[in-house]
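Dropping data00.txt in here (compact mmCIF, C-alpha atoms and all ligand atoms):
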# COMPACT_ATOMS: atom_id res chain seq x y z
CA MET G 1 90.56 -68.67 -161.05
CA LEU G 2 88.91 -67.81 -157.80
CA ASP G 3 90.54 -66.62 -154.58
CA LEU G 4 89.12 -67.28 -151.14
CA THR G 5 87.67 -63.76 -150.88
CA SER G 6 85.77 -64.11 -154.18
CA LEU G 7 84.60 -67.61 -153.24
CA THR G 8 83.39 -66.36 -149.85
CA GLU G 9 81.51 -63.52 -151.58
CA LEU G 10 79.91 -65.98 -153.99
CA LEU G 11 78.81 -68.15 -151.07
CA ASP G 12 77.24 -65.09 -149.39
CA LYS G 13 74.45 -65.12 -152.00
CA PRO G 14 72.25 -68.08 -152.96
CA GLN G 15 73.85 -70.04 -155.81
CA LYS G 16 72.99 -73.05 -157.94
CA ILE G 17 75.47 -75.61 -156.68
CA VAL G 18 76.34 -79.13 -157.77
CA ILE G 19 78.44 -81.37 -155.54
CA THR G 20 79.95 -84.44 -157.13
CA THR G 21 82.40 -87.15 -156.17
CA HIS G 22 84.19 -90.12 -157.67
CA HIS G 23 82.87 -93.19 -159.51
CA LYS G 24 81.64 -95.93 -157.13
CA PRO G 25 81.54 -93.56 -154.14
CA ASP G 26 82.94 -94.80 -150.84
CA GLY G 27 82.29 -93.55 -147.29
CA ASP G 28 84.51 -90.52 -147.68
CA ALA G 29 83.07 -89.63 -151.09
CA MET G 30 79.46 -89.68 -149.82
CA GLY G 31 80.30 -88.42 -146.31
CA SER G 32 82.24 -85.38 -147.53
CA SER G 33 79.63 -84.62 -150.24
CA LEU G 34 76.66 -84.81 -147.88
CA GLY G 35 78.55 -83.00 -145.10
CA LEU G 36 79.17 -80.09 -147.46
CA TYR G 37 75.55 -80.33 -148.70
CA HIS G 38 74.20 -79.90 -145.15
CA TYR G 39 76.48 -76.92 -144.63
CA LEU G 40 75.50 -75.19 -147.89
CA ILE G 41 71.72 -75.64 -147.59
CA GLN G 42 71.81 -73.67 -144.33
CA LEU G 43 72.97 -70.66 -146.38
CA GLY G 44 69.98 -70.86 -148.74
CA HIS G 45 71.81 -72.28 -151.75
CA HIS G 46 70.15 -74.65 -154.17
CA VAL G 47 72.35 -77.72 -153.83
CA GLN G 48 72.28 -81.01 -155.73
CA VAL G 49 74.59 -83.93 -154.93
CA ILE G 50 75.22 -86.08 -158.03
CA ALA G 51 76.98 -89.43 -157.63
CA PRO G 52 78.45 -90.67 -160.94
CA THR G 53 77.35 -94.27 -160.17
CA ASP G 54 75.53 -96.21 -157.47
CA TYR G 55 77.09 -96.83 -154.08
CA PRO G 56 76.77 -99.42 -151.30
CA ASP G 57 73.66 -99.77 -149.14
CA PHE G 58 75.75 -99.38 -146.00
CA LEU G 59 76.19 -95.71 -146.96
CA ALA G 60 72.57 -95.06 -147.87
CA TRP G 61 71.42 -94.17 -144.32
CA MET G 62 73.26 -90.86 -144.21
CA PRO G 63 71.10 -87.76 -143.70
CA GLY G 64 70.36 -86.16 -147.08
CA ASN G 65 70.83 -89.46 -148.95
CA GLU G 66 67.24 -89.21 -150.23
CA ASN G 67 68.21 -86.05 -152.14
CA VAL G 68 71.21 -87.58 -153.94
CA ILE G 69 70.78 -88.39 -157.61
CA ILE G 70 72.83 -90.94 -159.54
CA TYR G 71 74.11 -89.74 -162.91
CA THR G 72 73.62 -93.04 -164.75
CA GLU G 73 69.95 -93.04 -163.74
CA THR G 74 69.29 -89.34 -164.42
CA ILE G 75 71.52 -88.43 -167.35
CA GLU G 76 69.43 -85.57 -168.77
CA GLN G 77 68.56 -84.04 -165.43
CA SER G 78 72.17 -84.29 -164.23
CA ALA G 79 73.53 -82.78 -167.46
CA ARG G 80 71.14 -79.83 -167.11
CA LEU G 81 72.05 -79.25 -163.46
CA ILE G 82 75.77 -79.33 -164.30
CA ALA G 83 75.32 -76.92 -167.24
CA GLU G 84 73.18 -74.51 -165.21
CA ALA G 85 75.26 -74.53 -162.02
CA ASN G 86 77.23 -71.47 -160.88
CA LEU G 87 79.47 -73.55 -158.65
CA ILE G 88 80.53 -77.19 -158.83
CA PHE G 89 82.27 -78.78 -155.86
CA CYS G 90 84.44 -81.76 -156.84
CA LEU G 91 85.06 -83.85 -153.75
CA ASP G 92 87.44 -86.74 -153.10
CA PHE G 93 88.83 -86.86 -156.64
CA ASN G 94 91.15 -84.65 -158.65
CA ASN G 95 91.00 -85.96 -162.18
CA LEU G 96 87.86 -85.61 -164.30
CA SER G 97 88.30 -89.15 -165.65
CA ARG G 98 87.28 -90.36 -162.15
CA ILE G 99 83.67 -89.26 -162.79
CA ASN G 100 83.35 -91.02 -166.17
CA GLU G 101 81.22 -89.24 -168.82
CA MET G 102 80.27 -86.62 -166.26
CA GLY G 103 83.85 -85.36 -166.46
CA GLU G 104 83.41 -83.68 -169.83
CA LEU G 105 80.10 -82.14 -168.72
CA VAL G 106 81.81 -80.64 -165.69
CA ARG G 107 84.72 -79.41 -167.80
CA ALA G 108 82.33 -77.76 -170.28
CA SER G 109 80.18 -76.08 -167.59
CA ALA G 110 80.71 -72.36 -167.08
CA ALA G 111 80.45 -72.90 -163.32
CA TYR G 112 83.36 -72.16 -161.03
CA LYS G 113 84.89 -75.48 -159.98
CA VAL G 114 86.10 -76.03 -156.44
CA MET G 115 88.25 -79.09 -155.76
CA ILE G 116 88.42 -80.44 -152.21
CA ASP G 117 90.64 -83.50 -152.23
CA HIS G 118 93.53 -85.47 -150.74
CA HIS G 119 94.78 -87.59 -153.68
CA LEU G 120 98.17 -87.26 -155.36
CA GLU G 121 98.77 -85.33 -158.60
CA PRO G 122 95.69 -83.20 -159.27
CA GLU G 123 94.63 -82.38 -162.83
CA ASP G 124 94.36 -78.68 -163.55
CA PHE G 125 90.61 -78.27 -164.13
CA ASP G 126 89.58 -76.33 -161.02
CA ASP G 127 89.21 -72.62 -160.16
CA TYR G 128 89.74 -73.01 -156.42
CA ARG G 129 91.55 -75.79 -154.62
CA HIS G 130 91.46 -76.98 -151.01
CA TRP G 131 93.89 -79.86 -151.43
CA ASN G 132 96.18 -81.62 -149.01
CA ILE G 133 97.59 -85.11 -149.52
CA ASN G 134 98.34 -85.37 -145.80
CA ALA G 135 94.66 -85.28 -144.88
CA CYS G 136 93.28 -88.67 -143.90
CA ALA G 137 89.96 -87.97 -145.64
CA THR G 138 88.31 -85.40 -147.86
CA ALA G 139 85.78 -85.07 -145.03
CA GLN G 140 88.63 -83.74 -142.87
CA LEU G 141 89.33 -81.11 -145.55
CA VAL G 142 85.63 -80.15 -145.79
CA TYR G 143 85.69 -79.57 -142.02
CA ASP G 144 88.88 -77.54 -142.37
CA PHE G 145 87.37 -75.53 -145.26
CA ILE G 146 84.18 -74.70 -143.30
CA VAL G 147 85.94 -73.95 -140.01
CA ASN G 148 89.28 -72.42 -141.00
CA SER G 149 88.67 -70.98 -144.48
CA LEU G 150 85.05 -69.83 -144.13
CA HIS G 151 85.07 -69.36 -140.32
CA LYS G 152 81.64 -70.94 -139.94
CA LYS G 153 82.20 -73.53 -137.21
CA GLU G 154 78.78 -72.65 -135.76
CA LEU G 155 77.16 -74.13 -138.89
CA VAL G 156 78.65 -77.59 -138.25
CA ASN G 157 75.33 -79.06 -137.09
CA LYS G 158 74.39 -82.67 -136.33
CA ASP G 159 73.86 -83.58 -140.01
CA VAL G 160 77.14 -82.01 -141.16
CA ALA G 161 78.95 -83.72 -138.28
CA THR G 162 77.38 -87.14 -138.91
CA CYS G 163 78.38 -87.15 -142.58
CA LEU G 164 81.91 -85.81 -142.01
CA TYR G 165 82.47 -88.31 -139.17
CA THR G 166 81.51 -91.12 -141.56
CA GLY G 167 84.02 -89.91 -144.15
CA ILE G 168 86.86 -89.72 -141.64
CA LEU G 169 85.96 -93.06 -140.04
CA THR G 170 85.94 -94.98 -143.31
CA ASP G 171 88.90 -93.36 -145.07
CA SER G 172 91.16 -93.66 -142.03
CA ALA G 173 90.19 -97.37 -141.78
CA SER G 174 88.65 -96.70 -138.35
CA PHE G 175 91.39 -94.28 -137.23
CA ARG G 176 94.12 -96.81 -138.04
CA LEU G 177 96.12 -95.40 -140.94
CA PRO G 178 99.31 -93.40 -140.33
CA ASN G 179 97.60 -90.15 -141.39
CA THR G 180 95.20 -90.33 -138.40
CA THR G 181 96.97 -87.50 -136.57
CA SER G 182 96.14 -85.89 -133.23
CA GLU G 183 94.50 -83.13 -135.28
CA VAL G 184 92.16 -85.72 -136.83
CA HIS G 185 91.18 -86.91 -133.35
CA ARG G 186 90.53 -83.28 -132.30
CA ILE G 187 88.28 -82.81 -135.34
CA VAL G 188 86.47 -86.07 -134.57
CA ALA G 189 85.95 -84.90 -130.97
CA ASP G 190 84.45 -81.64 -132.31
CA LEU G 191 82.16 -83.65 -134.61
CA ILE G 192 80.92 -85.75 -131.67
CA ASP G 193 80.32 -82.54 -129.70
CA ALA G 194 78.36 -81.23 -132.70
CA GLY G 195 76.04 -84.25 -132.60
CA ALA G 196 77.68 -87.16 -134.46
CA VAL G 197 76.76 -90.34 -132.58
CA ASN G 198 80.01 -92.25 -133.08
CA TRP G 199 78.90 -95.71 -131.86
CA ARG G 200 75.75 -95.61 -133.97
CA ILE G 201 77.68 -94.63 -137.10
CA HIS G 202 80.13 -97.52 -136.51
CA GLU G 203 77.16 -99.86 -136.23
CA LEU G 204 75.51 -98.61 -139.42
CA ILE G 205 78.74 -98.89 -141.42
CA TYR G 206 80.36 -102.03 -140.04
CA ASN G 207 77.59 -104.10 -138.43
CA SER G 208 74.96 -103.96 -141.12
CA ALA G 209 76.11 -106.71 -143.50
CA SER G 210 73.98 -109.50 -144.94
CA GLU G 211 74.56 -113.21 -144.23
CA ASN G 212 75.65 -113.57 -147.86
CA ARG G 213 78.38 -111.01 -147.45
CA LEU G 214 79.83 -112.87 -144.44
CA ARG G 215 79.74 -116.20 -146.31
CA PHE G 216 81.37 -114.48 -149.30
CA LEU G 217 84.14 -113.23 -147.01
CA GLY G 218 84.55 -116.79 -145.68
CA HIS G 219 84.88 -118.08 -149.24
CA CYS G 220 87.50 -115.43 -150.08
CA LEU G 221 89.59 -116.28 -147.00
CA ALA G 222 89.24 -120.06 -147.35
CA ASN G 223 89.61 -120.46 -151.11
CA ARG G 224 90.92 -117.29 -152.73
CA LEU G 225 93.76 -116.12 -150.51
CA GLU G 226 97.29 -116.58 -151.81
CA ILE G 227 100.41 -115.70 -149.85
CA LEU G 228 103.67 -114.88 -151.62
CA PRO G 229 106.10 -115.08 -148.68
CA GLU G 230 109.16 -114.15 -150.75
CA PHE G 231 107.54 -110.74 -151.38
CA ASN G 232 105.64 -110.30 -148.06
CA THR G 233 102.60 -109.96 -150.27
CA ALA G 234 99.12 -111.46 -150.05
CA LEU G 235 96.44 -111.45 -152.67
CA ILE G 236 92.77 -112.34 -152.81
CA TRP G 237 91.13 -112.83 -156.19
CA VAL G 238 87.45 -113.14 -157.03
CA THR G 239 85.84 -114.48 -160.20
CA LYS G 240 82.62 -113.37 -161.87
CA GLU G 241 81.11 -116.70 -160.79
CA ASP G 242 82.02 -116.01 -157.14
CA LEU G 243 80.21 -112.66 -157.33
CA ALA G 244 77.14 -114.30 -158.85
CA LYS G 245 77.11 -117.25 -156.43
CA TYR G 246 77.18 -115.00 -153.35
CA ASP G 247 74.91 -112.41 -154.93
CA SER G 248 77.59 -109.81 -154.26
CA ASN G 249 76.38 -106.22 -154.66
CA THR G 250 78.15 -102.86 -154.83
CA GLY G 251 80.18 -102.51 -151.68
CA ASP G 252 80.15 -106.17 -150.62
CA THR G 253 83.82 -106.49 -151.52
CA GLU G 254 84.79 -103.33 -149.61
CA GLY G 255 87.36 -103.95 -146.88
CA ILE G 256 88.12 -107.58 -147.75
CA VAL G 257 91.63 -106.55 -148.81
CA ASN G 258 92.32 -105.52 -145.21
CA TYR G 259 92.09 -109.15 -144.06
CA ALA G 260 95.02 -109.98 -146.33
CA LEU G 261 96.97 -107.06 -144.86
CA SER G 262 96.20 -108.23 -141.31
CA ILE G 263 98.84 -110.98 -141.51
CA GLY G 264 101.88 -109.78 -139.55
CA SER G 265 104.52 -110.37 -142.22
CA ILE G 266 102.47 -108.89 -145.08
CA ARG G 267 103.47 -105.44 -146.35
CA LEU G 268 101.38 -105.40 -149.53
CA ALA G 269 97.89 -106.80 -150.04
CA ALA G 270 95.92 -106.94 -153.26
CA PHE G 271 92.26 -107.64 -153.94
CA ILE G 272 91.63 -108.45 -157.60
CA VAL G 273 88.07 -108.82 -158.79
CA ASP G 274 86.62 -109.67 -162.18
CA ARG G 275 83.88 -107.09 -162.73
CA ARG G 276 81.53 -107.02 -165.71
CA ASP G 277 83.65 -104.84 -168.02
CA LYS G 278 87.11 -104.92 -166.45
CA VAL G 279 89.26 -106.32 -163.70
CA LYS G 280 89.52 -104.00 -160.66
CA LEU G 281 92.44 -103.95 -158.26
CA SER G 282 92.51 -102.64 -154.71
CA LEU G 283 95.92 -102.40 -153.09
CA ARG G 284 96.76 -101.73 -149.46
CA SER G 285 100.20 -101.43 -147.90
CA LYS G 286 101.90 -100.93 -144.57
CA GLY G 287 104.35 -98.14 -143.73
CA GLU G 288 106.32 -96.55 -146.54
CA PHE G 289 105.43 -99.01 -149.30
CA PRO G 290 103.96 -97.03 -152.25
CA ALA G 291 100.84 -98.96 -153.32
CA SER G 292 99.76 -95.96 -155.45
CA ASP G 293 102.97 -96.29 -157.48
CA ILE G 294 102.03 -99.79 -158.69
CA CYS G 295 98.47 -98.69 -159.52
CA LYS G 296 99.62 -95.62 -161.39
CA ARG G 297 102.42 -97.23 -163.37
CA TYR G 298 100.82 -100.55 -164.24
CA PHE G 299 97.07 -100.42 -163.69
CA ASP G 300 95.78 -97.09 -165.00
CA GLY G 301 94.92 -95.97 -161.48
CA GLY G 302 96.21 -94.13 -158.44
CA GLY G 303 95.21 -93.25 -154.90
CA HIS G 304 97.31 -92.89 -151.78
CA ARG G 305 100.55 -94.46 -150.57
CA ASN G 306 98.78 -97.01 -148.35
CA ALA G 307 95.46 -97.38 -150.23
CA ALA G 308 95.23 -97.32 -153.99
CA GLY G 309 93.27 -98.79 -156.84
CA GLY G 310 93.39 -99.43 -160.53
CA GLN G 311 92.07 -101.59 -163.34
CA SER G 312 93.05 -103.86 -166.17
CA THR G 313 91.47 -104.91 -169.45
CA LEU G 314 93.34 -108.25 -169.37
CA SER G 315 91.59 -111.41 -168.16
CA LEU G 316 91.53 -112.12 -164.43
CA ASP G 317 94.28 -114.75 -164.77
CA ASP G 318 96.47 -112.45 -166.84
CA THR G 319 95.93 -109.57 -164.42
CA ILE G 320 97.01 -111.78 -161.51
CA ALA G 321 100.06 -112.90 -163.51
CA LYS G 322 100.90 -109.27 -164.35
CA PHE G 323 100.60 -108.26 -160.68
CA LYS G 324 102.94 -111.08 -159.64
CA SER G 325 105.43 -110.24 -162.40
CA ILE G 326 105.77 -106.68 -161.05
CA LEU G 327 106.72 -107.73 -157.52
CA PRO G 328 110.44 -108.51 -158.13
CA GLU G 329 110.92 -104.84 -159.04
CA TYR G 330 109.60 -103.87 -155.58
CA LYS G 331 111.28 -106.71 -153.67
CA LYS G 332 113.76 -104.50 -151.79
CA LEU G 333 110.96 -102.32 -150.43
CA LEU G 334 108.78 -105.33 -149.64
CA ILE G 335 111.25 -107.36 -147.64
CA GLN G 336 112.98 -104.65 -145.62
P1 LIG Z 401 89.70 -98.78 -153.32
O1 LIG Z 401 90.74 -99.81 -153.29
O2 LIG Z 401 89.00 -98.65 -152.00
O3 LIG Z 401 88.78 -98.87 -154.49
O4 LIG Z 401 90.46 -97.40 -153.52
C1 LIG Z 401 91.51 -97.00 -152.69
C2 LIG Z 401 91.97 -95.62 -153.06
O5 LIG Z 401 92.46 -95.62 -154.39
C3 LIG Z 401 90.85 -94.58 -153.03
O6 LIG Z 401 91.39 -93.41 -152.47
C4 LIG Z 401 90.48 -94.36 -154.45
O7 LIG Z 401 90.07 -93.06 -154.66
C5 LIG Z 401 91.76 -94.70 -155.21
N1 LIG Z 401 91.42 -95.40 -156.45
C6 LIG Z 401 90.73 -96.55 -156.58
N2 LIG Z 401 90.59 -96.90 -157.87
C7 LIG Z 401 91.20 -95.94 -158.59
C8 LIG Z 401 91.38 -95.71 -160.00
O8 LIG Z 401 90.94 -96.50 -160.85
N3 LIG Z 401 92.05 -94.59 -160.35
C9 LIG Z 401 92.55 -93.71 -159.43
N4 LIG Z 401 93.21 -92.63 -159.86
N5 LIG Z 401 92.39 -93.89 -158.11
C10 LIG Z 401 91.73 -94.97 -157.69
MN MN Z 402 88.97 -90.07 -149.66
Have the structure of the file written as structure tokens, please.
Ligand code: 5GP
Ligand code: MN
Amino acid sequence: MLDLTSLTELLDKPQKIVITTHHKPDGDAMGSSLGLYHYLIQLGHHVQVIAPTDYPDFLAWMPGNENVIIYTETIEQSARLIAEANLIFCLDFNNLSRINEMGELVRASAAYKVMIDHHLEPEDFDDYRHWNINACATAQLVYDFIVNSLHKKELVNKDVATCLYTGILTDSASFRLPNTTSEVHRIVADLIDAGAVNWRIHELIYNSASENRLRFLGHCLANRLEILPEFNTALIWVTKEDLAKYDSNTGDTEGIVNYALSIGSIRLAAFIVDRRDKVKLSLRSKGEFPASDICKRYFDGGGHRNAAGGQSTLSLDDTIAKFKSILPEYKKLLIQ
């Protein structure tokens, strides 16, 4: 275990540091990792960000992206860096299964492990924890850690601010989710003051799609959207053939679930996609409805109350049938 004083002392001297984040990193995963990276390199540490898998092109513009390595493409190098590190920061996840095979390498490393995260039910693998499920993004917690735990607000430079802004923007669904508190807006204002160019970041994230991606979205909305009015639930499903036909790449399906949730009466929206090795589910909900509960109990997953994910080894059709069969159990919560 590590207390804040010992961690601060460690960070006073140059260390070998690895920062990692969850499988298929999203905006918060990459934004919080690179935000922390830009903070730590100012202190003279040797810092390596390792993503367990690839991530979407619309995140690849972030400052420091050129120094990120992807575990699946650098297995030996990554394993050595993890084994030799003194400190490993685990960002935006709290269970080592979320980083695939890397999880056991991190567990076996003698490095101190620092978890910065906002997901429910953390696994006990860390030595120091900056964890709060009420935070709208891990990037918010990285800001809080730098400013309020380490008292280094002056080191929040343009690069730190740009990356943390991106994490908060994407995980709060553009400042829309209930956890976007006044405190979040104050932090975002500080990040803009520190150099984050908010309109440009919005453009890079949301207005940088390909024509294919827009036509794929059209296909999903026209042909793959199913409404279950008796459960105030909407679902969009995507086959392997759909992905191939529209040449859908990592990240092209991101956010499509929100269109299903945009219907006024809908309280629960699901996006179910047939990936190469498994069927992936993304759930979104409004208000108090616990999307994470369904993912955790039935789909080997988890997440947050209003945004959760999971998977299934059943066929696409059987996964859709299983999802529908669960809804009667939640009917009271869905129709209130
Ligand atoms: P998304 O639907 O965007 O993939 O994920 C929404 C939220 O659920 C994210 O916070 C993500 O970390 C979490 N999540 C997605 N898939 C899984 C999963 O397979 N297991 C767990 N524990 N969480 C997941
Ligand atoms: Mn997050």
Test item: residues no farther than 10 Å from ligand MN 402 (chain Z), counting all atoms listed in the file, as a PyMOL selection string:
chain G and resi 21-22+25-32+91-93+116-119+133+135-141+167-168+170-172+303-304+307
Taking 4 positions as the minimum chain separation for residues in the same chain, which residues sit within 7 Å of Ile335 in chain G when counting only C-alpha atoms? Answer as a VMD selection string.
chain G and resid 231 to 232 331
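With only C-alpha atoms as the atoms that count, the minimum distance from Phe216 in chain G to the choices G:Val279, G:Ile41, G:Ala244, G:Ala83 is reached by G:Ala244.
Each of G:Leu316, G:Ala234, G:Ile256, G:Ala196 was checked against Lys280 in chain G using only C-alpha atoms; the smallest atom-to-atom distance is that of G:Leu316.
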Counting only C-alpha atoms and all ligand atoms, name the residues that have an atom within 7 Å of an atom of ligand LIG 401 (chain Z); the answer should be given as a count of residues only.
17
